[in-house]
Amino acid sequence: MTAYAIAHLRPVTMNEDILRYIETMQSTLDPFEGRFLVHGAEVEVLEGPFPGTVVVIGFPDMDRARAWYASDAYQAILPLRTEHIPAEVLLVEGVPAGYDAAATAAALRAAAL
């Protein structure tokens, strides 16, 4: 099942370390079939405060997402970002094809009663 790496990055002043991080990112993703789905897009906030931007990277599965994050290549460049950009970063698995939220709600309702 598809997995996603999602980062909420706070506003920063661009510098050489961040630029090197961005330039190198794709080469760390390639061995794990990771690809940017959202990167550098303007965020339209509909509810609540949300300073900064979002990055979403898709992977074929959670194992490859975890392996990418733990990889020597990514860990080598990670301080270029973490030393300059406050962020929350998470991995999350997507839903299967044909997912039905109403069926999930029905199961939750049945379990709660």
# chains A, B, ... in the order shown; residues from 1 in each chain; ligands from 1
call {"tool": "residues_around", "arguments": {"residues": "segment 97-102 of chain A", "least_positions_apart": "5", "cutoff": "12 Å", "atoms": "only C-alpha atoms", "output": "PyMOL selection string"}}
result
chain A and resi 1-2+107-109
call {"tool": "select_by_dssp", "arguments": {"residues": "chain A", "states": "alpha helix (DSSP H)", "output": "PyMOL selection string"}}
result
chain A and resi 16-29+62-70+72-82+101-112
call {"tool": "write_last_selection", "arguments": {"atoms": "C-alpha atoms", "output": "CSV table (one decimal), in the first residue's frame"}}
result
chain,number,residue,atom,x,y,z
A,16,GLU,CA,23.4,27.4,1.2
A,17,ASP,CA,22.8,24.4,3.4
A,18,ILE,CA,19.1,24.3,2.5
A,19,LEU,CA,19.9,24.7,-1.2
A,20,ARG,CA,22.3,21.8,-1.0
A,21,TYR,CA,19.7,19.7,0.8
A,22,ILE,CA,17.1,20.4,-1.9
A,23,GLU,CA,19.6,19.7,-4.7
A,24,THR,CA,20.5,16.3,-3.1
A,25,MET,CA,17.1,15.1,-2.0
A,26,GLN,CA,16.0,13.4,-5.2
A,27,SER,CA,19.1,11.2,-5.3
A,28,THR,CA,18.3,9.9,-1.8
A,29,LEU,CA,14.7,9.1,-3.0
A,62,MET,CA,5.9,1.8,4.2
A,63,ASP,CA,9.0,-0.4,4.2
A,64,ARG,CA,10.6,1.7,1.4
A,65,ALA,CA,9.5,5.0,3.1
A,66,ARG,CA,11.2,3.8,6.4
A,67,ALA,CA,14.2,2.6,4.5
A,68,TRP,CA,14.6,5.9,2.7
A,69,TYR,CA,14.5,7.9,6.0
A,70,ALA,CA,17.0,5.6,7.7
A,72,ASP,CA,22.9,6.6,5.0
A,73,ALA,CA,22.4,8.9,2.0
A,74,TYR,CA,19.4,10.7,3.6
A,75,GLN,CA,20.8,10.7,7.1
A,76,ALA,CA,24.0,12.4,5.7
A,77,ILE,CA,22.0,15.4,4.4
A,78,LEU,CA,19.3,15.6,7.0
A,79,PRO,CA,21.3,18.0,9.3
A,80,LEU,CA,21.3,20.5,6.4
A,81,ARG,CA,17.6,20.8,6.9
A,82,THR,CA,17.2,20.1,10.7
A,101,ALA,CA,-15.2,6.0,4.8
A,102,ALA,CA,-18.9,5.2,5.4
A,103,ALA,CA,-18.0,1.5,6.0
A,104,THR,CA,-15.3,2.6,8.4
A,105,ALA,CA,-17.8,4.8,10.3
A,106,ALA,CA,-20.3,1.9,10.4
A,107,ALA,CA,-17.6,-0.3,11.9
A,108,LEU,CA,-16.6,2.3,14.5
A,109,ARG,CA,-20.3,2.9,15.3
A,110,ALA,CA,-20.9,-0.9,15.8
A,111,ALA,CA,-17.8,-1.1,18.0
A,112,ALA,CA,-18.9,1.8,20.2
call {"tool": "atom_distance", "arguments": {"atom1": "atom CA of His84 of chain A", "atom2": "atom CA of His8 of chain A"}}
result
13.6 Å
call {"tool": "select_by_dssp", "arguments": {"residues": "chain A", "states": "strand (DSSP E)", "output": "ChimeraX atom specification"}}
result
/A:3-9,35-38,53-59,87-93
call {"tool": "write_last_selection", "arguments": {"atoms": "N, CA and C atoms", "output": "PDB file, in the first residue's frame"}}
result
ATOM      1  N   ALA A   3       2.691   4.641   0.747  1.00  0.00           N
ATOM      2  CA  ALA A   3       3.004   5.339   1.987  1.00  0.00           C
ATOM      3  C   ALA A   3       3.509   6.734   1.631  1.00  0.00           C
ATOM      4  N   TYR A   4       3.402   7.624   2.592  1.00  0.00           N
ATOM      5  CA  TYR A   4       3.758   9.019   2.356  1.00  0.00           C
ATOM      6  C   TYR A   4       4.656   9.538   3.465  1.00  0.00           C
ATOM      7  N   ALA A   5       5.649  10.308   3.079  1.00  0.00           N
ATOM      8  CA  ALA A   5       6.429  11.104   4.015  1.00  0.00           C
ATOM      9  C   ALA A   5       5.868  12.510   3.906  1.00  0.00           C
ATOM     10  N   ILE A   6       5.453  13.063   5.025  1.00  0.00           N
ATOM     11  CA  ILE A   6       4.841  14.391   5.034  1.00  0.00           C
ATOM     12  C   ILE A   6       5.629  15.273   5.994  1.00  0.00           C
ATOM     13  N   ALA A   7       5.976  16.457   5.535  1.00  0.00           N
ATOM     14  CA  ALA A   7       6.697  17.409   6.376  1.00  0.00           C
ATOM     15  C   ALA A   7       5.964  18.732   6.382  1.00  0.00           C
ATOM     16  N   HIS A   8       5.791  19.283   7.571  1.00  0.00           N
ATOM     17  CA  HIS A   8       5.303  20.653   7.726  1.00  0.00           C
ATOM     18  C   HIS A   8       6.527  21.480   8.078  1.00  0.00           C
ATOM     19  N   LEU A   9       6.979  22.279   7.142  1.00  0.00           N
ATOM     20  CA  LEU A   9       8.190  23.077   7.303  1.00  0.00           C
ATOM     21  C   LEU A   9       7.828  24.513   7.648  1.00  0.00           C
ATOM     22  N   ARG A  35       8.937   9.733  -4.729  1.00  0.00           N
ATOM     23  CA  ARG A  35       8.776  10.862  -5.643  1.00  0.00           C
ATOM     24  C   ARG A  35       7.988  11.970  -4.964  1.00  0.00           C
ATOM     25  N   PHE A  36       8.390  13.186  -5.291  1.00  0.00           N
ATOM     26  CA  PHE A  36       7.698  14.338  -4.729  1.00  0.00           C
ATOM     27  C   PHE A  36       6.281  14.411  -5.294  1.00  0.00           C
ATOM     28  N   LEU A  37       5.318  14.587  -4.418  1.00  0.00           N
ATOM     29  CA  LEU A  37       3.935  14.825  -4.817  1.00  0.00           C
ATOM     30  C   LEU A  37       3.559  16.278  -4.557  1.00  0.00           C
ATOM     31  N   VAL A  38       4.136  16.863  -3.516  1.00  0.00           N
ATOM     32  CA  VAL A  38       3.958  18.281  -3.200  1.00  0.00           C
ATOM     33  C   VAL A  38       5.315  18.794  -2.752  1.00  0.00           C
ATOM     34  N   THR A  53       5.048  25.649   4.994  1.00  0.00           N
ATOM     35  CA  THR A  53       4.644  24.925   3.799  1.00  0.00           C
ATOM     36  C   THR A  53       4.639  23.426   4.069  1.00  0.00           C
ATOM     37  N   VAL A  54       4.236  22.657   3.074  1.00  0.00           N
ATOM     38  CA  VAL A  54       4.134  21.207   3.200  1.00  0.00           C
ATOM     39  C   VAL A  54       4.923  20.543   2.079  1.00  0.00           C
ATOM     40  N   VAL A  55       5.564  19.443   2.417  1.00  0.00           N
ATOM     41  CA  VAL A  55       6.196  18.581   1.425  1.00  0.00           C
ATOM     42  C   VAL A  55       5.573  17.201   1.585  1.00  0.00           C
ATOM     43  N   VAL A  56       5.170  16.593   0.467  1.00  0.00           N
ATOM     44  CA  VAL A  56       4.620  15.237   0.484  1.00  0.00           C
ATOM     45  C   VAL A  56       5.409  14.410  -0.525  1.00  0.00           C
ATOM     46  N   ILE A  57       5.928  13.285  -0.057  1.00  0.00           N
ATOM     47  CA  ILE A  57       6.695  12.374  -0.898  1.00  0.00           C
ATOM     48  C   ILE A  57       5.993  11.021  -0.858  1.00  0.00           C
ATOM     49  N   GLY A  58       5.727  10.442  -2.025  1.00  0.00           N
ATOM     50  CA  GLY A  58       5.076   9.142  -2.101  1.00  0.00           C
ATOM     51  C   GLY A  58       6.081   8.018  -2.287  1.00  0.00           C
ATOM     52  N   PHE A  59       5.803   6.885  -1.667  1.00  0.00           N
ATOM     53  CA  PHE A  59       6.601   5.668  -1.791  1.00  0.00           C
ATOM     54  C   PHE A  59       5.667   4.506  -2.090  1.00  0.00           C
ATOM     55  N   ALA A  87      10.451  21.790  11.902  1.00  0.00           N
ATOM     56  CA  ALA A  87       9.481  21.005  11.133  1.00  0.00           C
ATOM     57  C   ALA A  87       8.920  19.853  11.948  1.00  0.00           C
ATOM     58  N   GLU A  88       7.779  19.368  11.510  1.00  0.00           N
ATOM     59  CA  GLU A  88       7.251  18.082  11.937  1.00  0.00           C
ATOM     60  C   GLU A  88       7.309  17.193  10.706  1.00  0.00           C
ATOM     61  N   VAL A  89       7.793  15.971  10.871  1.00  0.00           N
ATOM     62  CA  VAL A  89       7.915  15.034   9.757  1.00  0.00           C
ATOM     63  C   VAL A  89       7.319  13.709  10.193  1.00  0.00           C
ATOM     64  N   LEU A  90       6.534  13.105   9.328  1.00  0.00           N
ATOM     65  CA  LEU A  90       5.915  11.832   9.667  1.00  0.00           C
ATOM     66  C   LEU A  90       5.807  10.942   8.452  1.00  0.00           C
ATOM     67  N   LEU A  91       5.668   9.659   8.719  1.00  0.00           N
ATOM     68  CA  LEU A  91       5.367   8.676   7.683  1.00  0.00           C
ATOM     69  C   LEU A  91       3.967   8.165   7.957  1.00  0.00           C
ATOM     70  N   VAL A  92       3.193   7.976   6.903  1.00  0.00           N
ATOM     71  CA  VAL A  92       1.827   7.489   7.065  1.00  0.00           C
ATOM     72  C   VAL A  92       1.467   6.612   5.873  1.00  0.00           C
ATOM     73  N   GLU A  93       0.744   5.545   6.175  1.00  0.00           N
ATOM     74  CA  GLU A  93       0.309   4.641   5.109  1.00  0.00           C
ATOM     75  C   GLU A  93      -1.020   5.135   4.541  1.00  0.00           C
TER      76      GLU A  93
END
call {"tool": "closest_residue", "arguments": {"among": "A:Asp61, A:Glu83, A:Glu33, A:Glu44", "to": "Val95 of chain A", "atoms": "only C-alpha atoms"}}
result
A:Asp61
call {"tool": "atom_distance", "arguments": {"atom1": "atom CA of Asn15 of chain A", "atom2": "atom CA of Ile85 of chain A"}}
result
10.6 Å
call {"tool": "residues_around", "arguments": {"residues": "Arg10 of chain A", "least_positions_apart": "3", "cutoff": "6 Å", "atoms": "only C-alpha atoms", "output": "MDAnalysis selection string"}}
result
chainID A and resid 51:52 86:87
call {"tool": "atom_distance", "arguments": {"atom1": "atom CA of Ala41 of chain A", "atom2": "atom CA of Val12 of chain A"}}
result
15.0 Å
